[in-house]
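Student: Here you go, run_31.tsv (TSV, C-alpha atoms and all ligand atoms):
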chain	number	residue	atom	x	y	z
P	1	MET	CA	91.65	75.49	92.47
P	2	THR	CA	90.46	72.05	93.42
P	3	PHE	CA	93.16	69.64	94.15
P	4	ASN	CA	93.57	66.40	92.27
P	5	PRO	CA	94.83	63.83	94.75
P	6	GLU	CA	96.25	61.70	91.94
P	7	GLN	CA	98.61	64.47	90.95
P	8	LYS	CA	100.12	65.73	94.15
P	9	CYS	CA	99.90	64.78	97.77
P	10	SER	CA	98.42	67.64	99.82
P	11	PRO	CA	97.18	66.66	103.26
P	12	PRO	CA	94.42	68.89	104.67
P	13	VAL	CA	95.25	71.67	107.15
P	14	PRO	CA	94.92	69.80	110.44
P	15	GLU	CA	97.07	66.95	109.12
P	16	ALA	CA	99.86	68.98	107.54
P	17	GLN	CA	102.56	70.79	109.54
P	18	ALA	CA	103.37	73.42	106.96
P	19	LEU	CA	101.58	75.49	104.39
P	20	LEU	CA	102.75	76.06	100.83
P	21	THR	CA	100.95	78.88	99.03
P	22	LEU	CA	101.38	79.01	95.28
P	23	ASP	CA	100.32	82.26	93.69
P	24	LEU	CA	99.18	81.39	90.18
P	25	ALA	CA	98.22	85.03	89.53
P	26	ALA	CA	101.86	86.01	90.14
P	27	LEU	CA	103.00	83.15	87.89
P	28	VAL	CA	100.73	84.40	85.09
P	29	ALA	CA	101.95	87.99	85.67
P	30	ASN	CA	105.54	86.72	85.38
P	31	TRP	CA	104.72	84.97	82.10
P	32	HIS	CA	103.05	88.13	80.70
P	33	SER	CA	106.00	90.27	81.71
P	34	LEU	CA	108.48	87.93	79.97
P	35	ALA	CA	106.20	87.69	76.92
P	36	ARG	CA	106.10	91.49	76.64
P	37	ARG	CA	109.87	91.70	77.06
P	38	VAL	CA	110.58	89.30	74.18
P	39	ALA	CA	107.77	90.20	71.76
P	40	PRO	CA	107.47	89.60	68.83
P	41	ALA	CA	109.26	86.38	69.80
P	42	GLU	CA	107.01	83.73	71.36
P	43	CYS	CA	107.23	83.05	75.09
P	44	SER	CA	106.84	79.38	76.00
P	45	ALA	CA	106.90	77.83	79.48
P	46	VAL	CA	109.17	75.11	80.82
P	47	ILE	CA	107.10	72.90	83.14
P	48	LYS	CA	109.43	69.91	83.59
P	49	ALA	CA	109.87	68.26	87.00
P	50	ASP	CA	106.27	68.95	88.02
P	51	ALA	CA	106.67	72.60	86.97
P	52	TYR	CA	109.73	72.94	89.21
P	53	GLY	CA	107.82	71.40	92.10
P	54	ILE	CA	104.89	73.81	91.91
P	55	GLY	CA	102.44	71.44	90.24
P	56	LEU	CA	102.41	70.62	86.54
P	57	GLU	CA	98.62	70.51	86.12
P	58	GLN	CA	98.01	73.78	87.98
P	59	VAL	CA	100.77	75.66	86.17
P	60	PHE	CA	99.88	74.25	82.75
P	61	THR	CA	96.19	75.13	83.18
P	62	ALA	CA	96.93	78.67	84.38
P	63	LEU	CA	99.39	79.45	81.58
P	64	LEU	CA	97.19	77.89	78.93
P	65	LYS	CA	94.41	80.24	80.01
P	66	ALA	CA	96.87	83.15	79.91
P	67	GLY	CA	97.62	82.43	76.25
P	68	CYS	CA	100.80	80.36	76.36
P	69	ARG	CA	100.93	78.03	73.35
P	70	SER	CA	104.20	76.11	73.73
P	71	PHE	CA	105.38	74.07	76.71
P	72	PHE	CA	108.52	72.10	77.45
P	73	VAL	CA	108.72	69.02	79.66
P	74	ALA	CA	111.57	66.54	80.08
P	75	HIS	CA	109.87	63.15	80.22
P	76	ILE	CA	107.10	61.49	78.23
P	77	SER	CA	105.18	60.94	81.50
P	78	GLU	CA	105.07	64.72	82.00
P	79	GLY	CA	103.96	65.28	78.42
P	80	LEU	CA	101.11	62.83	78.89
P	81	ARG	CA	99.97	64.63	82.06
P	82	ALA	CA	99.80	67.92	80.15
P	83	ARG	CA	98.05	66.24	77.18
P	84	ARG	CA	95.30	65.00	79.47
P	85	ILE	CA	94.42	68.65	80.07
P	86	THR	CA	94.26	69.65	76.42
P	87	GLN	CA	94.14	67.50	73.32
P	88	ASP	CA	94.43	70.55	71.06
P	89	PRO	CA	97.44	69.74	68.82
P	90	ALA	CA	97.98	73.50	68.31
P	91	ILE	CA	99.22	73.51	71.91
P	92	LYS	CA	102.78	72.27	71.49
P	93	ILE	CA	104.25	70.06	74.18
P	94	TYR	CA	107.96	69.54	73.56
P	95	LEU	CA	109.92	66.68	75.13
P	96	LEU	CA	113.34	68.08	76.01
P	97	ASN	CA	114.88	64.69	76.70
P	98	GLY	CA	113.94	63.45	73.25
P	99	LEU	CA	113.11	59.82	72.75
P	100	LEU	CA	114.77	56.59	73.61
P	101	LEU	CA	115.25	54.60	70.44
P	102	SER	CA	112.31	52.37	71.25
P	103	ALA	CA	109.19	51.78	69.20
P	104	GLU	CA	107.10	51.99	72.36
P	105	CYS	CA	108.30	55.51	73.18
P	106	LEU	CA	107.82	56.59	69.62
P	107	ASP	CA	104.22	55.27	69.57
P	108	LEU	CA	103.36	57.11	72.77
P	109	ILE	CA	104.83	60.36	71.50
P	110	ALA	CA	103.18	60.16	68.10
P	111	SER	CA	99.77	59.08	69.37
P	112	HIS	CA	99.61	61.92	71.94
P	113	ALA	CA	100.80	64.66	69.61
P	114	LEU	CA	103.90	65.33	71.70
P	115	THR	CA	106.81	67.01	69.96
P	116	PRO	CA	110.17	65.34	70.59
P	117	VAL	CA	113.33	67.41	70.75
P	118	LEU	CA	115.71	65.19	68.79
P	119	GLY	CA	119.25	65.46	70.06
P	120	SER	CA	121.32	63.17	67.85
P	121	VAL	CA	121.49	61.98	64.26
P	122	PRO	CA	120.37	58.42	65.19
P	123	GLU	CA	117.39	59.89	67.03
P	124	TRP	CA	116.49	62.02	64.02
P	125	GLN	CA	116.78	59.00	61.68
P	126	PHE	CA	114.73	56.82	64.00
P	127	TRP	CA	111.98	59.44	64.19
P	128	THR	CA	111.85	60.46	60.54
P	129	GLN	CA	112.03	56.89	59.23
P	130	SER	CA	109.19	55.61	61.34
P	131	PRO	CA	105.76	55.41	59.66
P	132	GLN	CA	103.94	56.57	62.86
P	133	SER	CA	105.80	59.85	63.00
P	134	HIS	CA	105.28	60.60	59.34
P	135	ALA	CA	104.99	64.38	58.90
P	136	LEU	CA	104.61	64.97	62.65
P	137	PRO	CA	106.52	67.99	63.94
P	138	TYR	CA	109.79	67.62	65.85
P	139	ALA	CA	112.50	69.95	67.13
P	140	LEU	CA	116.25	69.60	66.67
P	141	HIS	CA	118.55	70.19	69.61
P	142	ILE	CA	122.04	71.32	68.64
P	143	ASN	CA	124.99	71.33	71.03
P	144	THR	CA	126.70	74.74	71.17
P	145	GLY	CA	128.78	74.10	74.28
P	146	MET	CA	126.81	72.36	77.02
P	147	ASN	CA	127.86	68.88	75.82
P	148	ARG	CA	124.80	67.37	77.44
P	149	LEU	CA	122.23	66.71	74.72
P	150	GLY	CA	122.14	67.83	71.13
P	151	MET	CA	123.80	66.93	67.85
P	152	GLN	CA	127.10	68.55	66.93
P	153	ILE	CA	127.04	71.71	64.81
P	154	PRO	CA	128.56	70.04	61.66
P	155	GLU	CA	126.01	67.20	61.96
P	156	ALA	CA	123.19	69.73	62.10
P	157	LEU	CA	124.60	71.68	59.16
P	158	SER	CA	124.78	68.51	57.10
P	159	LEU	CA	121.06	67.95	57.74
P	160	ALA	CA	120.07	71.54	56.97
P	161	ASN	CA	118.91	70.79	53.42
P	162	THR	CA	117.00	67.60	54.23
P	163	ALA	CA	115.60	68.02	57.73
P	164	LYS	CA	112.49	70.15	58.20
P	165	PRO	CA	112.19	70.58	61.99
P	166	ALA	CA	109.43	72.72	63.51
P	167	LEU	CA	112.07	74.32	65.74
P	168	ILE	CA	115.83	74.36	66.13
P	169	MET	CA	117.17	74.96	69.60
P	170	SER	CA	120.24	75.06	71.77
P	171	HIS	CA	120.87	75.83	75.45
P	172	PHE	CA	123.09	78.33	77.29
P	173	VAL	CA	125.87	77.16	79.58
P	174	SER	CA	126.12	80.28	81.80
P	175	SER	CA	123.41	82.75	80.87
P	176	GLU	CA	123.03	83.87	84.50
P	177	LEU	CA	126.56	85.29	84.21
P	178	PRO	CA	126.23	88.03	81.55
P	179	ALA	CA	130.00	88.68	81.50
P	180	ASP	CA	130.87	85.07	80.64
P	181	PRO	CA	132.34	85.07	77.09
P	182	GLN	CA	130.74	81.66	76.46
P	183	ASN	CA	127.37	83.45	75.96
P	184	GLU	CA	128.63	85.44	72.99
P	185	LYS	CA	130.29	82.34	71.51
P	186	GLN	CA	127.08	80.34	71.74
P	187	ILE	CA	125.01	83.16	70.22
P	188	LYS	CA	127.46	83.35	67.28
P	189	SER	CA	127.29	79.58	66.69
P	190	PHE	CA	123.53	79.68	66.90
P	191	GLU	CA	123.29	82.47	64.34
P	192	ILE	CA	125.21	80.30	61.86
P	193	LEU	CA	122.79	77.44	62.47
P	194	ARG	CA	119.84	79.74	62.06
P	195	GLN	CA	121.08	80.90	58.67
P	196	ALA	CA	121.54	77.29	57.54
P	197	PHE	CA	117.99	76.43	58.66
P	198	ALA	CA	116.53	79.51	56.99
P	199	GLY	CA	112.84	80.10	57.71
P	200	ILE	CA	112.73	77.61	60.60
P	201	PRO	CA	111.87	79.00	64.06
P	202	ALA	CA	114.83	79.08	66.44
P	203	SER	CA	115.15	79.11	70.23
P	204	LEU	CA	118.15	79.64	72.49
P	205	ALA	CA	117.22	81.55	75.65
P	206	ASN	CA	116.18	80.16	79.04
P	207	SER	CA	115.13	82.58	81.84
P	208	SER	CA	118.51	84.26	82.25
P	209	GLY	CA	119.16	84.18	78.50
P	210	ILE	CA	116.14	86.46	78.03
P	211	PHE	CA	117.90	89.15	80.09
P	212	LEU	CA	121.29	89.02	78.36
P	213	PRO	CA	122.28	92.35	76.80
P	214	GLN	CA	122.48	90.69	73.35
P	215	LYS	CA	118.73	89.89	73.63
P	216	PRO	CA	119.13	86.43	72.02
P	217	HIS	CA	115.37	85.89	71.85
P	218	PHE	CA	115.21	84.65	68.24
P	219	ASP	CA	111.72	83.21	67.59
P	220	LEU	CA	110.91	81.56	70.90
P	221	VAL	CA	112.20	81.76	74.47
P	222	ARG	CA	112.05	78.96	77.07
P	223	PRO	CA	111.78	80.35	80.61
P	224	GLY	CA	111.31	78.08	83.60
P	225	TYR	CA	112.90	79.46	86.78
P	226	ALA	CA	111.82	83.10	86.27
P	227	LEU	CA	108.17	82.10	85.86
P	228	TYR	CA	108.26	80.60	89.35
P	229	GLY	CA	109.74	83.74	90.88
P	230	GLY	CA	113.45	82.87	90.73
P	231	ASN	CA	115.80	85.75	89.96
P	232	PRO	CA	117.08	85.42	86.36
P	233	THR	CA	119.52	88.32	86.95
P	234	PRO	CA	121.41	87.25	90.09
P	235	ASP	CA	123.60	90.37	90.19
P	236	GLN	CA	120.57	92.69	90.08
P	237	PRO	CA	117.26	93.03	91.94
P	238	ASN	CA	114.73	90.34	91.02
P	239	PRO	CA	112.39	91.57	88.25
P	240	MET	CA	109.96	88.71	88.86
P	241	ARG	CA	107.06	88.43	91.31
P	242	CYS	CA	107.13	86.01	94.23
P	243	VAL	CA	105.09	82.87	93.51
P	244	ILE	CA	105.87	80.66	96.52
P	245	THR	CA	105.28	81.18	100.23
P	246	LEU	CA	106.21	78.47	102.72
P	247	GLU	CA	105.20	78.83	106.36
P	248	ALA	CA	105.06	76.48	109.32
P	249	PRO	CA	103.58	76.92	112.78
P	250	ILE	CA	105.87	76.74	115.79
P	251	LEU	CA	105.43	73.43	117.61
P	252	GLN	CA	107.45	74.24	120.74
P	253	ILE	CA	109.36	77.12	122.28
P	254	ARG	CA	112.11	76.57	124.86
P	255	GLU	CA	114.78	78.47	126.77
P	256	ILE	CA	118.30	77.10	126.98
P	257	GLN	CA	121.33	78.24	128.94
P	258	ALA	CA	124.64	79.39	127.47
P	259	GLY	CA	126.77	76.30	126.80
P	260	GLU	CA	123.87	73.97	125.96
P	261	THR	CA	123.91	72.32	122.55
P	262	VAL	CA	121.20	71.95	119.92
P	263	GLY	CA	120.26	69.07	117.63
P	264	TYR	CA	121.99	65.96	116.35
P	265	ASN	CA	125.71	65.75	117.07
P	266	ALA	CA	125.55	68.99	119.08
P	267	THR	CA	126.89	71.10	116.22
P	268	TRP	CA	125.56	74.39	117.66
P	269	ILE	CA	126.38	75.64	121.15
P	270	ALA	CA	124.47	78.54	122.71
P	271	GLN	CA	126.78	81.47	123.43
P	272	ARG	CA	124.11	83.16	125.57
P	273	GLN	CA	120.80	82.26	127.14
P	274	SER	CA	118.70	81.54	124.04
P	275	THR	CA	115.10	81.03	123.02
P	276	LEU	CA	114.47	78.31	120.45
P	277	ALA	CA	111.45	77.54	118.29
P	278	THR	CA	110.96	74.13	116.68
P	279	ILE	CA	108.85	73.72	113.55
P	280	GLY	CA	107.59	70.57	111.86
P	281	LEU	CA	109.47	70.48	108.63
P	282	GLY	CA	112.88	69.17	107.74
P	283	TYR	CA	114.99	67.72	104.99
P	284	ALA	CA	112.24	65.25	104.06
P	285	ASP	CA	110.23	68.33	103.06
P	286	GLY	CA	113.00	69.96	101.08
P	287	LEU	CA	114.62	72.13	103.74
P	288	LEU	CA	118.08	70.88	102.88
P	289	ARG	CA	120.48	69.61	105.53
P	290	SER	CA	123.00	72.06	104.12
P	291	ALA	CA	120.77	74.86	105.53
P	292	SER	CA	121.87	73.78	109.05
P	293	GLY	CA	123.61	76.33	111.26
P	294	SER	CA	126.60	75.24	113.32
P	295	GLN	CA	129.33	76.78	115.43
P	296	ASP	CA	131.49	77.17	112.32
P	297	LYS	CA	128.94	78.11	109.71
P	298	THR	CA	125.84	80.28	109.67
P	299	GLY	CA	123.04	78.47	107.88
P	300	ALA	CA	119.76	79.66	106.44
P	301	TYR	CA	117.18	81.64	108.40
P	302	GLY	CA	113.45	82.04	108.69
P	303	LEU	CA	111.34	85.12	109.35
P	304	PHE	CA	109.07	85.44	112.37
P	305	MET	CA	106.93	88.58	112.16
P	306	GLY	CA	109.73	90.26	110.26
P	307	HIS	CA	112.52	89.13	112.61
P	308	LYS	CA	115.40	87.16	111.12
P	309	CYS	CA	115.72	83.82	112.95
P	310	PRO	CA	118.72	81.64	112.08
P	311	ILE	CA	118.49	77.86	111.88
P	312	VAL	CA	120.51	76.37	114.73
P	313	GLY	CA	121.89	72.84	114.75
P	314	ARG	CA	121.26	70.23	112.12
P	315	VAL	CA	118.08	70.26	110.09
P	316	SER	CA	116.54	66.88	110.86
P	317	MET	CA	114.10	64.82	108.79
P	318	ASP	CA	110.85	66.28	110.10
P	319	LEU	CA	111.95	69.08	112.42
P	320	THR	CA	114.08	72.23	112.35
P	321	ILE	CA	115.10	74.51	115.22
P	322	PHE	CA	115.35	78.30	114.91
P	323	ASP	CA	117.00	80.80	117.24
P	324	VAL	CA	114.22	83.25	118.13
P	325	THR	CA	116.08	85.01	120.96
P	326	ASN	CA	115.80	88.37	119.21
P	327	VAL	CA	112.01	88.19	118.87
P	328	PRO	CA	110.24	90.21	121.61
P	329	LYS	CA	108.88	87.70	124.17
P	330	GLY	CA	105.28	88.82	123.86
P	331	GLU	CA	105.18	87.96	120.17
P	332	LEU	CA	106.27	84.34	120.51
P	333	GLN	CA	103.65	81.64	120.84
P	334	PRO	CA	103.29	78.04	119.65
P	335	GLY	CA	101.02	77.90	116.61
P	336	LYS	CA	102.22	81.23	115.21
P	337	LYS	CA	103.87	80.86	111.84
P	338	LEU	CA	107.46	81.14	110.84
P	339	GLN	CA	108.15	81.90	107.17
P	340	ILE	CA	110.78	79.92	105.27
P	341	LEU	CA	110.05	81.31	101.80
P	342	GLY	CA	108.00	84.29	100.77
P	343	PRO	CA	107.99	87.84	99.46
P	344	ASP	CA	110.66	88.88	102.00
P	345	LEU	CA	112.68	85.69	101.90
P	346	SER	CA	113.39	84.62	98.35
P	347	ILE	CA	114.17	81.23	96.86
P	348	ASP	CA	117.56	82.60	95.85
P	349	GLU	CA	118.31	83.76	99.41
P	350	LEU	CA	117.37	80.39	100.95
P	351	ALA	CA	119.36	78.64	98.23
P	352	SER	CA	122.54	80.64	98.72
P	353	ASN	CA	122.30	80.15	102.50
P	354	SER	CA	121.91	76.41	101.83
P	355	GLY	CA	124.88	76.21	99.46
P	356	THR	CA	122.78	75.47	96.39
P	357	ILE	CA	120.69	77.10	93.67
P	358	GLY	CA	117.02	78.04	93.80
P	359	TYR	CA	116.21	75.39	91.19
P	360	GLU	CA	117.13	72.69	93.68
P	361	ILE	CA	115.10	74.34	96.44
P	362	LEU	CA	112.03	74.37	94.18
P	363	THR	CA	112.33	70.83	92.90
P	364	SER	CA	112.96	69.53	96.44
P	365	LEU	CA	109.68	70.92	97.83
P	366	GLY	CA	108.10	67.99	99.61
P	367	GLN	CA	104.79	66.16	99.40
P	368	ARG	CA	103.65	66.78	102.97
P	369	TYR	CA	102.68	70.43	102.68
P	370	HIS	CA	99.12	71.60	102.58
P	371	ARG	CA	99.07	73.33	99.21
P	372	ILE	CA	96.95	76.34	98.39
P	373	TYR	CA	96.80	77.54	94.79
P	374	ARG	CA	95.80	81.21	94.73
P	375	GLN	CA	94.21	82.51	91.54
P	376	SER	CA	94.23	86.20	92.44
P	401	LIG	C1	115.35	73.60	82.03
P	401	LIG	C2	115.57	74.14	80.70
P	401	LIG	C3	115.12	75.42	80.36
P	401	LIG	C4	114.57	76.39	81.38
P	401	LIG	O1	115.65	76.95	82.08
P	401	LIG	P1	115.45	78.08	83.20
P	401	LIG	O2	116.83	78.46	83.56
P	401	LIG	O3	114.71	77.43	84.31
P	401	LIG	O4	114.67	79.17	82.58
P	401	LIG	C5	115.22	75.82	79.04
P	401	LIG	N1	115.78	75.00	78.10
P	401	LIG	C6	116.25	73.78	78.41
P	401	LIG	C7	116.88	72.95	77.34
P	401	LIG	C8	116.19	73.31	79.71
P	401	LIG	O5	116.68	72.11	80.01
What do you get writing this file as structure tokens?
Tutor:
Amino acid sequence: MTFNPEQKCSPPVPEAQALLTLDLAALVANWHSLARRVAPAECSAVIKADAYGIGLEQVFTALLKAGCRSFFVAHISEGLRARRITQDPAIKIYLLNGLLLSAECLDLIASHALTPVLGSVPEWQFWTQSPQSHALPYALHINTGMNRLGMQIPEALSLANTAKPALIMSHFVSSELPADPQNEKQIKSFEILRQAFAGIPASLANSSGIFLPQKPHFDLVRPGYALYGGNPTPDQPNPMRCVITLEAPILQIREIQAGETVGYNATWIAQRQSTLATIGLGYADGLLRSASGSQDKTGAYGLFMGHKCPIVGRVSMDLTIFDVTNVPKGELQPGKKLQILGPDLSIDELASNSGTIGYEILTSLGQRYHRIYRQS
């Protein structure tokens, strides 16, 4: 796919120090597999935050072609980027963050056929009473436990006879933990709402919600993370295909003696004679500082030709050091690539070794990578 420089920085190969490969065919396969799983419910796609760092335009275009008809973004700016690609009002672009109570926001939303997700009674009144929004579709977000956005259940019930939303929705608190009793509670609340808004499409499940044993798919599901290859079932093998590969060539290889230290503040001390490889990416590129490996704490690791190579010392802004002592000497060479993410090193694995979740790994992916979008 050609790259639009306005949309995402992607320096060419000789200028970049790392390569990010985004497999749009795997993304589309992931969408089809979720769509099959939830049919006859509709499968939408959540493409907020630049499609979780992967590239909003590329993801939107690929999924549109695959047959996806409903998309969710967070901000108006993201909705406008998607609208530039298709003006077809049958392609629904929902704004999860709703609208600020400003006439300017409302004009933008109405004139670009974006669909706001209204999350409070004042927002609903503001939208429905404005002449610009007259008869335009909107969704209602109802709070069933997250206490983040959404009107309260009694407020929604009191609107059930007057409001005619195109969609009612709510959001799970802990759907990645199937044993959490909160899931069942939220499903029960949502069923009551659904009965009150009879005949109106309803949506509750995010990626992990799709895989809950109760199958709370209702009329439409809203996966994000699983589309991009994240594991929606953390206690089981990942049913999704890998979308993202991140590799960087080794800049330098060096030998150090036992007792020498590595990196800022000397947090790692070699216990044996060690071989180190330095690559040109760091926390400015989204390899979090919490992935650092110290004397006290093992950090994340990379893969060099299948060998596990732990990060040693602090991840710095533009550079990270890996312990490659266990790699056979003949295989090591500057310029050869070390993998940080890929089919054998998942987002979830890197995240847990960095003390965070895969969502943060994805949305932290930096702007200095050379990006390749693979279509097959
Ligand atoms: C982000 C988001 C989603 C997608 O969640 P995933 O866990 O990435 O599938 C769905 N619904 C709402 C309201 C969200 O904010």
Student: To one decimal place, how far is CA of Asn147 (chain P) from CA of Pro165 (chain P) in Å?
Tutor: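 The value is 21.0 Å.
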Student: Please identify every polymer residue within 9 Å of ligand LIG 401 (chain P), using all atoms listed in the file, and present the set as a PyMOL selection string.
Tutor: chain P and resi 45-48+52+72-74+96-97+141+149+169-172+175-176+203-210+221-228+230+232+359
Student: For a quick check of understanding, using all atoms listed in the file, which of P:Phe60, P:Ser158, P:Val28, P:Leu20 has the smallest distance to Val121 (chain P)?
Tutor: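 So, comparing all the options, the nearest one is P:Ser158.
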Student: Grab the CA of Thr86 (chain P) to CA of Ser133 (chain P) distance for me, in Å with one decimal place.
Tutor: 20.2 Å
Student: Suppose you want the space between CA of Pro237 (chain P) and CA of Met146 (chain P); what is it in Å?
Tutor: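 Between CA of Pro237 (chain P) and CA of Met146 (chain P) the gap is 27.2 Å.
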Student: Could you add the missing atoms to region 238-246 of chain P, up to all heavy atoms, and return them as a compact mmCIF listing (two decimals), in the coordinates of the input?
Tutor:
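Contents of selection05.txt, as written:
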# COMPACT_ATOMS: atom_id res chain seq x y z
N ASN P 238 115.57 91.31 91.74
CA ASN P 238 114.73 90.34 91.02
C ASN P 238 113.58 91.05 90.31
O ASN P 238 112.75 91.69 90.95
CB ASN P 238 114.17 89.33 92.04
CG ASN P 238 113.50 88.16 91.37
OD1 ASN P 238 113.31 88.16 90.15
ND2 ASN P 238 113.15 87.15 92.15
N PRO P 239 113.50 90.94 88.97
CA PRO P 239 112.39 91.57 88.25
C PRO P 239 111.09 90.77 88.31
O PRO P 239 110.06 91.24 87.84
CB PRO P 239 112.92 91.63 86.81
CG PRO P 239 113.86 90.47 86.70
CD PRO P 239 114.46 90.28 88.07
N MET P 240 111.14 89.57 88.89
CA MET P 240 109.96 88.71 88.86
C MET P 240 109.17 88.81 90.17
O MET P 240 109.72 89.18 91.21
CB MET P 240 110.35 87.23 88.63
CG MET P 240 111.34 86.98 87.51
SD MET P 240 111.01 87.84 85.95
CE MET P 240 109.43 87.15 85.46
N ARG P 241 107.90 88.43 90.10
CA ARG P 241 107.06 88.43 91.31
C ARG P 241 107.21 87.12 92.07
O ARG P 241 107.42 86.06 91.48
CB ARG P 241 105.60 88.66 90.93
CG ARG P 241 105.27 90.13 90.78
CD ARG P 241 103.84 90.35 90.38
NE ARG P 241 102.88 89.74 91.31
CZ ARG P 241 101.56 89.79 91.13
NH1 ARG P 241 101.06 90.40 90.07
NH2 ARG P 241 100.74 89.22 92.00
N CYS P 242 107.02 87.20 93.37
CA CYS P 242 107.13 86.01 94.23
C CYS P 242 105.91 85.11 94.00
O CYS P 242 104.77 85.56 94.02
CB CYS P 242 107.19 86.47 95.68
SG CYS P 242 107.03 85.13 96.85
N VAL P 243 106.16 83.83 93.77
CA VAL P 243 105.09 82.87 93.51
C VAL P 243 104.86 81.95 94.72
O VAL P 243 103.75 81.49 94.96
CB VAL P 243 105.43 82.03 92.25
CG1 VAL P 243 104.44 80.90 92.03
CG2 VAL P 243 105.49 82.94 91.00
N ILE P 244 105.93 81.70 95.49
CA ILE P 244 105.87 80.66 96.52
C ILE P 244 106.05 81.22 97.92
O ILE P 244 107.00 81.95 98.19
CB ILE P 244 107.01 79.65 96.28
CG1 ILE P 244 106.82 79.01 94.93
CG2 ILE P 244 107.05 78.59 97.38
CD1 ILE P 244 107.96 78.13 94.53
N THR P 245 105.12 80.87 98.81
CA THR P 245 105.28 81.18 100.23
C THR P 245 105.21 79.87 101.01
O THR P 245 104.31 79.06 100.78
CB THR P 245 104.18 82.16 100.70
OG1 THR P 245 104.25 83.33 99.89
CG2 THR P 245 104.37 82.55 102.15
N LEU P 246 106.17 79.69 101.89
CA LEU P 246 106.21 78.47 102.72
C LEU P 246 106.27 78.90 104.18
O LEU P 246 107.17 79.65 104.59
CB LEU P 246 107.44 77.63 102.35
CG LEU P 246 107.72 76.40 103.20
CD1 LEU P 246 106.55 75.42 103.18
CD2 LEU P 246 108.99 75.70 102.72
